[in-house]
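Reproduced below: structure21.cif, with mmCIF, C-alpha atoms.
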```cif
data_query
loop_
_atom_site.group_PDB
_atom_site.id
_atom_site.type_symbol
_atom_site.label_atom_id
_atom_site.label_comp_id
_atom_site.auth_asym_id
_atom_site.auth_seq_id
_atom_site.Cartn_x
_atom_site.Cartn_y
_atom_site.Cartn_z
ATOM 1 C CA MET A 12 -56.546 -45.649 -28.243
ATOM 2 C CA ASP A 13 -52.862 -44.953 -28.558
ATOM 3 C CA SER A 14 -51.245 -43.080 -25.703
ATOM 4 C CA VAL A 15 -48.146 -41.042 -25.193
ATOM 5 C CA TYR A 16 -46.353 -40.632 -21.862
ATOM 6 C CA ASN A 17 -43.907 -38.090 -20.606
ATOM 7 C CA VAL A 18 -40.962 -39.378 -18.618
ATOM 8 C CA ILE A 19 -39.014 -37.218 -16.203
ATOM 9 C CA GLU A 20 -36.237 -37.835 -13.710
ATOM 10 C CA LEU A 21 -36.026 -36.176 -10.323
ATOM 11 C CA ILE A 22 -33.529 -36.336 -7.494
ATOM 12 C CA GLY A 23 -34.789 -36.020 -3.923
ATOM 13 C CA THR A 24 -32.545 -35.655 -0.896
ATOM 14 C CA SER A 25 -33.055 -36.267 2.805
ATOM 15 C CA PRO A 26 -30.890 -36.370 5.922
ATOM 16 C CA ASP A 27 -32.849 -39.419 7.170
ATOM 17 C CA SER A 28 -33.316 -42.089 4.531
ATOM 18 C CA TRP A 29 -33.586 -42.958 0.844
ATOM 19 C CA GLU A 30 -37.328 -43.482 1.408
ATOM 20 C CA SER A 31 -37.916 -39.909 2.511
ATOM 21 C CA ALA A 32 -35.608 -38.660 -0.257
ATOM 22 C CA ALA A 33 -37.830 -40.460 -2.794
ATOM 23 C CA ALA A 34 -40.966 -39.175 -1.073
ATOM 24 C CA ALA A 35 -39.651 -35.611 -1.253
ATOM 25 C CA ALA A 36 -39.184 -35.910 -5.017
ATOM 26 C CA VAL A 37 -42.644 -37.415 -5.537
ATOM 27 C CA THR A 38 -44.329 -34.817 -3.319
ATOM 28 C CA GLU A 39 -42.694 -32.029 -5.264
ATOM 29 C CA ALA A 40 -43.657 -33.582 -8.600
ATOM 30 C CA SER A 41 -47.275 -34.082 -7.541
ATOM 31 C CA LYS A 42 -47.655 -30.353 -7.044
ATOM 32 C CA THR A 43 -47.487 -29.761 -10.772
ATOM 33 C CA LEU A 44 -48.264 -33.120 -12.369
ATOM 34 C CA ARG A 45 -51.543 -34.998 -12.474
ATOM 35 C CA ASP A 46 -52.110 -38.738 -12.462
ATOM 36 C CA LEU A 47 -48.767 -39.865 -11.122
ATOM 37 C CA ARG A 48 -48.870 -43.640 -10.777
ATOM 38 C CA VAL A 49 -45.473 -45.215 -10.357
ATOM 39 C CA ALA A 50 -42.093 -43.773 -9.538
ATOM 40 C CA GLU A 51 -39.170 -45.987 -10.407
ATOM 41 C CA VAL A 52 -36.015 -45.725 -8.310
ATOM 42 C CA ILE A 53 -33.114 -45.560 -10.717
ATOM 43 C CA GLU A 54 -30.178 -44.505 -8.574
ATOM 44 C CA GLN A 55 -29.283 -43.990 -4.948
ATOM 45 C CA ASP A 56 -26.214 -42.484 -3.410
ATOM 46 C CA LEU A 57 -25.119 -40.734 -0.245
ATOM 47 C CA LEU A 58 -22.940 -37.871 0.893
ATOM 48 C CA ILE A 59 -20.364 -38.285 3.651
ATOM 49 C CA GLU A 60 -18.803 -35.789 6.025
ATOM 50 C CA ASN A 61 -16.112 -36.894 8.488
ATOM 51 C CA GLY A 62 -17.021 -40.543 8.108
ATOM 52 C CA VAL A 63 -20.719 -39.960 8.762
ATOM 53 C CA VAL A 64 -23.547 -40.165 6.228
ATOM 54 C CA VAL A 65 -25.088 -36.695 6.105
ATOM 55 C CA ARG A 66 -27.466 -36.931 3.149
ATOM 56 C CA TYR A 67 -29.286 -39.616 1.191
ATOM 57 C CA ARG A 68 -30.171 -39.005 -2.436
ATOM 58 C CA THR A 69 -32.672 -40.918 -4.519
ATOM 59 C CA LYS A 70 -33.116 -40.423 -8.232
ATOM 60 C CA ILE A 71 -36.542 -41.452 -9.468
ATOM 61 C CA ARG A 72 -38.134 -41.762 -12.905
ATOM 62 C CA LEU A 73 -41.751 -40.634 -13.187
ATOM 63 C CA SER A 74 -44.057 -41.145 -16.109
ATOM 64 C CA PHE A 75 -47.349 -39.410 -16.659
ATOM 65 C CA LYS A 76 -49.779 -39.252 -19.508
ATOM 66 C CA HIS A 77 -49.018 -36.706 -22.157
ATOM 67 C CA GLU A 78 -51.859 -34.281 -22.590
ATOM 68 C CA SER A 79 -52.060 -32.850 -26.037
ATOM 69 C CA GLY A 80 -54.206 -29.991 -24.879
ATOM 70 C CA GLU A 81 -57.222 -30.915 -27.069
ATOM 71 C CA MET B 11 -5.074 -24.452 -8.620
ATOM 72 C CA ASN B 12 -3.974 -27.945 -9.472
ATOM 73 C CA THR B 13 -7.038 -30.000 -10.299
ATOM 74 C CA ASP B 14 -5.328 -33.123 -11.609
ATOM 75 C CA ARG B 15 -6.152 -36.094 -9.501
ATOM 76 C CA VAL B 16 -6.244 -39.865 -9.565
ATOM 77 C CA ASP B 17 -8.955 -41.805 -7.791
ATOM 78 C CA LYS B 18 -9.340 -45.421 -6.889
ATOM 79 C CA VAL B 19 -12.785 -47.008 -7.056
ATOM 80 C CA ILE B 20 -13.728 -49.756 -4.640
ATOM 81 C CA GLN B 21 -16.868 -51.637 -3.720
ATOM 82 C CA ILE B 22 -17.923 -52.386 -0.167
ATOM 83 C CA VAL B 23 -20.642 -54.725 1.022
ATOM 84 C CA ALA B 24 -22.100 -54.211 4.498
ATOM 85 C CA THR B 25 -25.068 -55.512 6.432
ATOM 86 C CA SER B 26 -27.385 -54.371 9.183
ATOM 87 C CA THR B 27 -30.326 -55.914 10.991
ATOM 88 C CA ARG B 28 -32.048 -52.512 11.066
ATOM 89 C CA SER B 29 -32.050 -50.858 7.644
ATOM 90 C CA TRP B 30 -30.141 -50.273 4.419
ATOM 91 C CA GLU B 31 -29.289 -46.797 5.687
ATOM 92 C CA ASP B 32 -27.696 -48.358 8.741
ATOM 93 C CA ALA B 33 -25.832 -50.877 6.575
ATOM 94 C CA ALA B 34 -24.537 -47.992 4.445
ATOM 95 C CA GLN B 35 -23.307 -46.182 7.554
ATOM 96 C CA ASN B 36 -21.507 -49.375 8.625
ATOM 97 C CA ALA B 37 -19.781 -49.532 5.249
ATOM 98 C CA VAL B 38 -18.825 -45.848 5.411
ATOM 99 C CA THR B 39 -17.498 -46.175 8.979
ATOM 100 C CA GLU B 40 -15.322 -49.091 7.937
ATOM 101 C CA ALA B 41 -14.008 -47.344 4.830
ATOM 102 C CA ALA B 42 -13.353 -44.085 6.699
ATOM 103 C CA LYS B 43 -10.872 -45.891 8.973
ATOM 104 C CA SER B 44 -8.243 -45.892 6.269
ATOM 105 C CA ILE B 45 -9.556 -43.515 3.614
ATOM 106 C CA ARG B 46 -9.313 -39.766 3.962
ATOM 107 C CA ASP B 47 -11.543 -37.329 2.108
ATOM 108 C CA LEU B 48 -14.430 -39.715 1.633
ATOM 109 C CA SER B 49 -17.248 -37.519 0.324
ATOM 110 C CA SER B 50 -19.793 -39.668 -1.454
ATOM 111 C CA ALA B 51 -20.790 -43.236 -2.211
ATOM 112 C CA ARG B 52 -23.071 -44.731 -4.817
ATOM 113 C CA VAL B 53 -25.442 -47.601 -4.133
ATOM 114 C CA LEU B 54 -24.790 -50.404 -6.595
ATOM 115 C CA GLU B 55 -27.099 -53.026 -5.179
ATOM 116 C CA HIS B 56 -29.153 -53.812 -2.153
ATOM 117 C CA ASP B 57 -30.913 -56.955 -1.106
ATOM 118 C CA LEU B 58 -32.408 -58.678 1.865
ATOM 119 C CA THR B 59 -31.496 -62.044 3.316
ATOM 120 C CA MET B 60 -33.051 -63.896 6.207
ATOM 121 C CA ALA B 61 -30.832 -64.799 9.143
ATOM 122 C CA ASN B 62 -32.429 -66.797 11.969
ATOM 123 C CA GLY B 63 -35.859 -65.618 10.884
ATOM 124 C CA GLU B 64 -34.823 -61.956 10.983
ATOM 125 C CA PRO B 65 -34.254 -59.781 7.931
ATOM 126 C CA LEU B 66 -30.670 -58.799 7.236
ATOM 127 C CA PHE B 67 -30.280 -55.678 5.097
ATOM 128 C CA ARG B 68 -27.344 -55.845 2.752
ATOM 129 C CA ILE B 69 -25.973 -53.034 0.629
ATOM 130 C CA LYS B 70 -23.184 -52.770 -1.914
ATOM 131 C CA LEU B 71 -21.592 -49.323 -2.172
ATOM 132 C CA GLN B 72 -19.103 -47.922 -4.611
ATOM 133 C CA VAL B 73 -16.773 -45.279 -3.251
ATOM 134 C CA GLU B 74 -14.092 -43.274 -4.948
ATOM 135 C CA PHE B 75 -11.110 -41.797 -3.183
ATOM 136 C CA ARG B 76 -7.941 -40.052 -4.007
ATOM 137 C CA VAL B 77 -4.843 -42.204 -4.462
ATOM 138 C CA ASP B 78 -2.385 -39.640 -5.730
ATOM 139 C CA ARG B 79 -0.059 -37.954 -3.287
ATOM 140 C CA SER B 80 -1.102 -34.361 -3.822
ATOM 141 C CA ARG B 81 -2.616 -32.535 -0.885
ATOM 142 C CA THR B 82 -3.439 -28.902 -0.362
ATOM 143 C CA ASP B 83 -1.826 -27.424 2.715
ATOM 144 C CA GLY B 84 -3.177 -24.639 4.915
ATOM 145 C CA ALA B 85 -1.719 -21.951 2.649
ATOM 146 C CA GLY B 86 -3.474 -23.398 -0.396
ATOM 147 C CA THR B 87 -0.365 -24.711 -2.108
ATOM 148 C CA SER B 88 -0.170 -28.242 -3.427
ATOM 149 C CA VAL B 89 2.207 -30.559 -1.562
ATOM 150 C CA GLN B 90 3.255 -34.165 -2.109
ATOM 151 C CA VAL B 91 2.849 -36.438 0.895
ATOM 152 C CA ARG B 92 4.507 -39.762 1.667
ATOM 153 C CA ARG B 93 1.997 -42.267 2.948
ATOM 154 C CA PHE B 94 3.127 -44.901 5.435
ATOM 155 C CA LEU B 95 1.329 -47.994 6.627
ATOM 156 C CA VAL B 96 2.532 -49.119 10.060
ATOM 157 C CA VAL B 97 1.957 -52.772 10.930
ATOM 158 C CA ALA B 98 2.422 -53.233 14.664
ATOM 159 C CA ASN B 99 0.836 -54.996 17.586
ATOM 160 C CA GLN B 100 2.776 -55.769 20.778
ATOM 161 C CA THR B 101 5.432 -53.161 20.021
ATOM 162 C CA LEU B 102 2.925 -50.408 19.273
ATOM 163 C CA ALA B 103 3.495 -48.583 22.547
ATOM 164 C CA SER B 104 7.281 -48.533 22.225
ATOM 165 C CA ALA B 105 9.325 -45.347 22.058
ATOM 166 C CA PRO B 106 11.256 -46.049 18.802
ATOM 167 C CA LEU B 107 8.060 -46.269 16.759
ATOM 168 C CA THR B 108 6.695 -43.068 18.266
ATOM 169 C CA GLU B 109 10.018 -41.353 17.579
ATOM 170 C CA LEU B 110 10.114 -42.558 13.987
ATOM 171 C CA ILE B 111 6.597 -41.268 13.297
ATOM 172 C CA THR B 112 7.182 -37.979 15.119
ATOM 173 C CA SER B 113 10.469 -37.212 13.364
ATOM 174 C CA THR B 114 9.017 -38.131 9.952
ATOM 175 C CA LEU B 115 5.927 -35.987 10.459
ATOM 176 C CA THR B 116 7.921 -32.970 11.595
ATOM 177 C CA GLY B 117 10.418 -33.351 8.753
ATOM 178 C CA GLU B 118 8.220 -33.781 5.665
ATOM 179 C CA PRO B 119 4.576 -33.899 4.585
ATOM 180 C CA ALA B 120 3.507 -37.430 5.473
ATOM 181 C CA GLU B 121 0.498 -39.502 6.506
ATOM 182 C CA PHE B 122 0.470 -42.570 8.733
ATOM 183 C CA HIS B 123 -2.104 -45.308 9.019
ATOM 184 C CA VAL B 124 -1.643 -47.960 11.697
ATOM 185 C CA VAL B 125 -2.990 -51.477 11.359
ATOM 186 C CA VAL B 126 -3.005 -53.753 14.409
ATOM 187 C CA PRO B 127 -3.324 -57.390 13.349
ATOM 188 C CA GLN B 128 -4.759 -59.469 16.181
ATOM 189 C CA ILE B 129 -4.885 -63.222 15.858
ATOM 190 C CA ALA B 130 -8.137 -64.544 17.257
ATOM 191 C CA PRO B 131 -9.466 -68.082 17.228
ATOM 192 C CA SER B 132 -11.862 -68.820 14.424
ATOM 193 C CA VAL B 133 -11.826 -72.595 14.812
ATOM 194 C CA LEU B 134 -14.184 -74.379 17.165
ATOM 195 C CA HIS B 135 -12.345 -76.578 19.627
ATOM 196 C CA ALA B 136 -13.833 -79.819 20.805
ATOM 197 C CA ASP B 137 -14.456 -80.365 24.481
ATOM 198 C CA PRO B 138 -11.368 -82.351 25.628
ATOM 199 C CA ALA B 139 -13.490 -84.521 27.922
ATOM 200 C CA THR B 140 -16.041 -85.660 25.387
ATOM 201 C CA GLY B 141 -14.315 -85.012 22.075
ATOM 202 C CA LEU B 142 -17.452 -83.248 20.899
ATOM 203 C CA ILE B 143 -18.018 -79.636 19.942
ATOM 204 C CA GLY B 144 -20.261 -78.486 22.750
ATOM 205 C CA PRO B 145 -23.064 -75.966 22.540
ATOM 206 C CA GLY B 146 -20.861 -73.350 24.258
ATOM 207 C CA ALA B 147 -18.106 -73.514 21.647
ATOM 208 C CA HIS B 148 -19.600 -70.886 19.347
ATOM 209 C CA SER B 149 -20.055 -68.315 22.070
ATOM 210 C CA MET B 150 -16.567 -69.060 23.432
ATOM 211 C CA VAL B 151 -15.070 -68.280 20.020
ATOM 212 C CA SER B 152 -17.031 -65.065 19.651
ATOM 213 C CA GLU B 153 -16.121 -64.018 23.198
ATOM 214 C CA SER B 154 -12.414 -64.506 22.627
ATOM 215 C CA ARG B 155 -12.638 -62.705 19.301
ATOM 216 C CA GLN B 156 -14.331 -59.833 21.098
ATOM 217 C CA ALA B 157 -11.603 -59.854 23.761
ATOM 218 C CA ALA B 158 -8.867 -59.833 21.101
ATOM 219 C CA ARG B 159 -10.505 -56.904 19.333
ATOM 220 C CA GLU B 160 -10.843 -54.918 22.567
ATOM 221 C CA GLU B 161 -7.230 -55.568 23.490
ATOM 222 C CA GLY B 162 -6.087 -54.296 20.097
ATOM 223 C CA GLU B 163 -8.396 -51.276 20.236
ATOM 224 C CA GLN B 164 -7.031 -50.278 23.637
ATOM 225 C CA ARG B 165 -3.465 -50.579 22.423
ATOM 226 C CA LEU B 166 -4.259 -48.523 19.342
ATOM 227 C CA GLN B 167 -6.147 -45.849 21.261
ATOM 228 C CA SER B 168 -3.379 -45.269 23.777
ATOM 229 C CA PHE B 169 -0.880 -45.072 20.917
ATOM 230 C CA GLN B 170 -3.033 -42.537 19.062
ATOM 231 C CA ALA B 171 -3.525 -40.571 22.281
ATOM 232 C CA ALA B 172 0.245 -40.468 22.885
ATOM 233 C CA LEU B 173 0.850 -39.132 19.381
ATOM 234 C CA ALA B 174 -1.994 -36.639 19.722
ATOM 235 C CA GLU B 175 -0.247 -35.216 22.781
ATOM 236 C CA LEU B 176 2.772 -34.609 20.574
ATOM 237 C CA GLY B 177 0.515 -32.867 18.095
ATOM 238 C CA HIS B 178 0.282 -35.610 15.486
ATOM 239 C CA ALA B 179 -2.764 -37.389 14.137
ATOM 240 C CA VAL B 180 -2.617 -40.912 12.760
ATOM 241 C CA THR B 181 -5.494 -43.070 11.592
ATOM 242 C CA GLY B 182 -5.638 -46.683 12.645
ATOM 243 C CA GLU B 183 -7.655 -49.868 12.907
ATOM 244 C CA VAL B 184 -7.607 -53.341 14.432
ATOM 245 C CA ILE B 185 -8.011 -56.291 12.084
ATOM 246 C CA LEU B 186 -8.578 -59.785 13.417
ATOM 247 C CA SER B 187 -6.167 -61.555 11.146
ATOM 248 C CA ASP B 188 -2.497 -62.244 10.485
ATOM 249 C CA PRO B 189 -0.276 -59.294 9.400
ATOM 250 C CA MET B 190 -0.237 -60.431 5.770
ATOM 251 C CA SER B 191 -4.024 -60.562 5.321
ATOM 252 C CA ALA B 192 -4.550 -57.466 7.458
ATOM 253 C CA THR B 193 -2.173 -55.477 5.247
ATOM 254 C CA ARG B 194 -3.797 -56.859 2.127
ATOM 255 C CA SER B 195 -7.248 -55.746 3.241
ATOM 256 C CA VAL B 196 -6.038 -52.238 4.091
ATOM 257 C CA LEU B 197 -4.266 -51.888 0.735
ATOM 258 C CA ALA B 198 -7.433 -53.029 -1.041
ATOM 259 C CA ARG B 199 -9.259 -49.917 0.137
ATOM 260 C CA SER B 200 -6.405 -47.508 0.582
ATOM 261 C CA SER B 201 -3.184 -46.371 -0.979
ATOM 262 C CA VAL B 202 0.278 -46.226 0.603
ATOM 263 C CA ASP B 203 3.874 -45.683 -0.494
ATOM 264 C CA GLU B 204 5.785 -47.545 2.204
ATOM 265 C CA ILE B 205 5.206 -50.175 4.848
ATOM 266 C CA ILE B 206 6.802 -50.141 8.308
ATOM 267 C CA ILE B 207 6.708 -53.354 10.309
ATOM 268 C CA SER B 208 7.351 -52.947 14.005
ATOM 269 C CA THR B 209 8.071 -56.199 15.814
ATOM 270 C CA LEU B 210 9.900 -57.990 18.600
ATOM 271 C CA PRO B 211 13.560 -59.084 18.203
ATOM 272 C CA PRO B 212 14.520 -62.188 16.184
ATOM 273 C CA GLY B 213 14.012 -65.345 18.192
ATOM 274 C CA ILE B 214 10.934 -63.946 19.914
ATOM 275 C CA SER B 215 9.120 -62.409 16.974
ATOM 276 C CA ARG B 216 6.766 -64.799 15.206
ATOM 277 C CA TRP B 217 6.437 -62.256 12.410
ATOM 278 C CA LEU B 218 10.166 -62.409 11.650
ATOM 279 C CA LYS B 219 10.162 -66.188 11.941
ATOM 280 C CA LEU B 220 7.401 -66.313 9.338
ATOM 281 C CA ASP B 221 9.418 -63.817 7.283
ATOM 282 C CA PHE B 222 6.592 -61.298 6.909
ATOM 283 C CA PRO B 223 8.885 -58.386 5.890
ATOM 284 C CA SER B 224 10.183 -59.981 2.704
ATOM 285 C CA ARG B 225 6.878 -61.692 1.980
ATOM 286 C CA MET B 226 5.132 -58.318 2.133
ATOM 287 C CA GLU B 227 7.744 -56.696 -0.057
ATOM 288 C CA ARG B 228 7.173 -59.346 -2.720
ATOM 289 C CA ALA B 229 3.402 -59.505 -2.355
ATOM 290 C CA PHE B 230 2.670 -55.780 -2.374
ATOM 291 C CA ASN B 231 5.670 -54.478 -4.321
ATOM 292 C CA LEU B 232 6.259 -51.733 -1.766
ATOM 293 C CA PRO B 233 9.387 -50.836 0.220
ATOM 294 C CA VAL B 234 9.226 -52.443 3.658
ATOM 295 C CA THR B 235 11.157 -51.164 6.668
ATOM 296 C CA THR B 236 11.459 -53.437 9.681
ATOM 297 C CA LEU B 237 11.723 -51.786 13.065
ATOM 298 C CA VAL B 238 12.968 -54.333 15.603
ATOM 299 C CA GLN B 239 12.287 -53.414 19.214
ATOM 300 C CA ASP B 240 13.911 -54.771 22.331
#
```
The structure given in the file should be rewritten as structure tokens.
Amino acid sequence: MDSVYNVIELIGTSPDSWESAAAAAVTEASKTLRDLRVAEVIEQDLLIENGVVVRYRTKIRLSFKHESGE
Amino acid sequence: MNTDRVDKVIQIVATSTRSWEDAAQNAVTEAAKSIRDLSSARVLEHDLTMANGEPLFRIKLQVEFRVDRSRTDGAGTSVQVRRFLVVANQTLASAPLTELITSTLTGEPAEFHVVVPQIAPSVLHADPATGLIGPGAHSMVSESRQAAREEGEQRLQSFQAALAELGHAVTGEVILSDPMSATRSVLARSSVDEIIISTLPPGISRWLKLDFPSRMERAFNLPVTTLVQD
């Protein structure tokens, strides 16, 4: 059977690491989306204040099966 | 408000034995020595290598920073600053250099960055008795490099402290290299308008003997002022 998937991008942030930034985005997404399988990391960056890293940001791409509502 | 600005984009690679986050902080710490207003960095690549059976986390960051001379002063008006790079080592603590910086900073909007080039051995010397490179040679080199770095850091810190007492802030760093390469590496991740070389008098100064002032002028295409100290 043919399938269709939705693809969305999310950015998570964390003061600790890129891992917890990614986890924050996935946790948030899982509240409203079913059947999340793989999140792909597509971009990472960080914010600096006075020479110190203050925030890690991870952008992830999530795909989930499109439900036609039938 | 003037929103025109020009930014330079550079890439930095740093490593850590702990994590990529730690490696990123190392890169940011290094860049922040000579770059003001660093606010974000993008991760271009990260990988993992093995060093002596331990993982070494490596990260490549891209940072952007302002290279134009516009700054906003306390009153919110845009001012043009002159940016000086001071290359000094043994003469760092001398009065003429302090005076030059102090009078410039009180007279016009300016920024100073100090680089202290410290020559440290990077070649392994053979044991004179045996003619062989002994097992202690590696640690001897790293110890003397460490000593050279500490000596430079102390010199720089007391210089910065002296200027701070006069109410002036300058950024600075020690680079274990000759003045030419040290200046090159600062200019690669920074932006300056003029170079000031502070050195010992002719006859004593190795820097003058090696003609660093005119070599720098040619290499970097920037005005170079030589401050000879007795």
Can you write out as CSV which residues of chain B fall within 6 Å of chain A, alongside each residue's closest atom pair and its distance in Å to one decimal, counting only C-alpha atoms and ordering rows by chain and ascending residue number?
```
residue,atom,partner,partner_atom,distance
B:Thr39,CA,A:Gly62,CA,5.7
B:Ala42,CA,A:Gly62,CA,5.3
B:Ser49,CA,A:Ile59,CA,4.6
B:Ser50,CA,A:Leu58,CA,4.3
B:Ala51,CA,A:Leu57,CA,5.4
B:Arg52,CA,A:Asp56,CA,4.1
B:Val53,CA,A:Asp56,CA,5.2
```
Open item on the list: Could you list, as a ChimeraX atom specification, every residue within 12 Å of Asn99 in chain B, counting only C-alpha atoms and ignoring same-chain residues fewer than 4 positions away?
Closed with: /B:103-104,107,124-129,158-159,161-166,169,182-189,192,207-210,215-217,239
- [ ] Select, from A:Ile19, A:Met12, A:Ala32, A:Val52, the residue with the minimum atom-to-atom distance to Phe75 in chain A, counting only C-alpha atoms.
- [x] A:Ile19
TODO: Have a look at CA of Ala34 in chain A and CA of Thr59 in chain B and let me know their distance in Å, one decimal.
DONE: 25.1 Å
Task: Separation of CA of Thr24 in chain A from CA of Met60 in chain B in Å - done: 29.1 Å
With 5 Å added on each side, what axis-aligned box encloses every listed atom of range 64-71 of chain A? Give the centre and edge lengths in Å to one decimal, as lines of an AutoDock Vina configuration file.
```
center_x = -30.0
center_y = -39.1
center_z = -1.6
size_x = 23.0
size_y = 14.8
size_z = 25.7
```
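Proximity to range 14-17 of chain A at 6 Å, evaluated using all atoms listed in the file and with sequence-adjacent residues fewer than 6 positions away removed, yields A:Ser74, A:Phe75, A:Lys76, A:His77.
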Selection dump of the PyMOL selection byres ((chain B and resi 234) around 6), as a PDB file with C-alpha atoms, in the frame of the given file:
```pdb
ATOM      1  CA  ILE B 205       5.206 -50.175   4.848  1.00  0.00           C
ATOM      2  CA  ILE B 206       6.802 -50.141   8.308  1.00  0.00           C
ATOM      3  CA  GLU B 227       7.744 -56.696  -0.057  1.00  0.00           C
ATOM      4  CA  PRO B 233       9.387 -50.836   0.220  1.00  0.00           C
ATOM      5  CA  THR B 235      11.157 -51.164   6.668  1.00  0.00           C
TER       6      THR B 235
END
```
Task: Expected answer as a PyMOL selection string: all residues with atoms within 12 Å of (9.1, -42.2, 16.5), only C-alpha atoms - done: chain B and resi 96+102-117+122+169+172-173+176+178+206+208+237+239
Open item on the list: With distances taken over all atoms listed in the file, which residue among A:Leu73, A:Ser25, A:Val18, A:Asp13 lies nearest Ala40 in chain A?
Closed with: A:Leu73
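Straight-line separation from CA of Asp32 in chain B to CA of Phe67 in chain B: 8.6 Å.
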Open item on the list: Just checking: using only C-alpha atoms, which residue out of B:Glu118, B:Ser149, B:Thr101, B:Arg194 ends up closest to Val238 in chain B?
Closed with: B:Thr101
Open item on the list: Quick check on the file I pasted: which residues fall under the PyMOL selection byres ((chain B and resi 36) around 12)? Write them as a count of residues only.
Closed with: 29
Open item on the list: I'd like the neighbourhood of Pro119 in chain B as a list in words, where a residue qualifies if any of its atoms comes within 7 Å (using all atoms listed in the file), though same-chain residues fewer than 3 positions away should be ignored.
Closed with: Gln90, Val91, Arg92 and Leu115 of chain B
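Taking only C-alpha atoms into account, those protein, DNA and RNA residues with any atom at most 10 Å away from (4.7, -58.7, 1.7) amount to Pro189, Met190, Ser191, Thr193, Arg194, Ile205, Asp221, Phe222, Pro223, Ser224, Arg225, Met226, Glu227, Arg228, Ala229, Phe230, Asn231, Leu232, Pro233 and Val234 of chain B.
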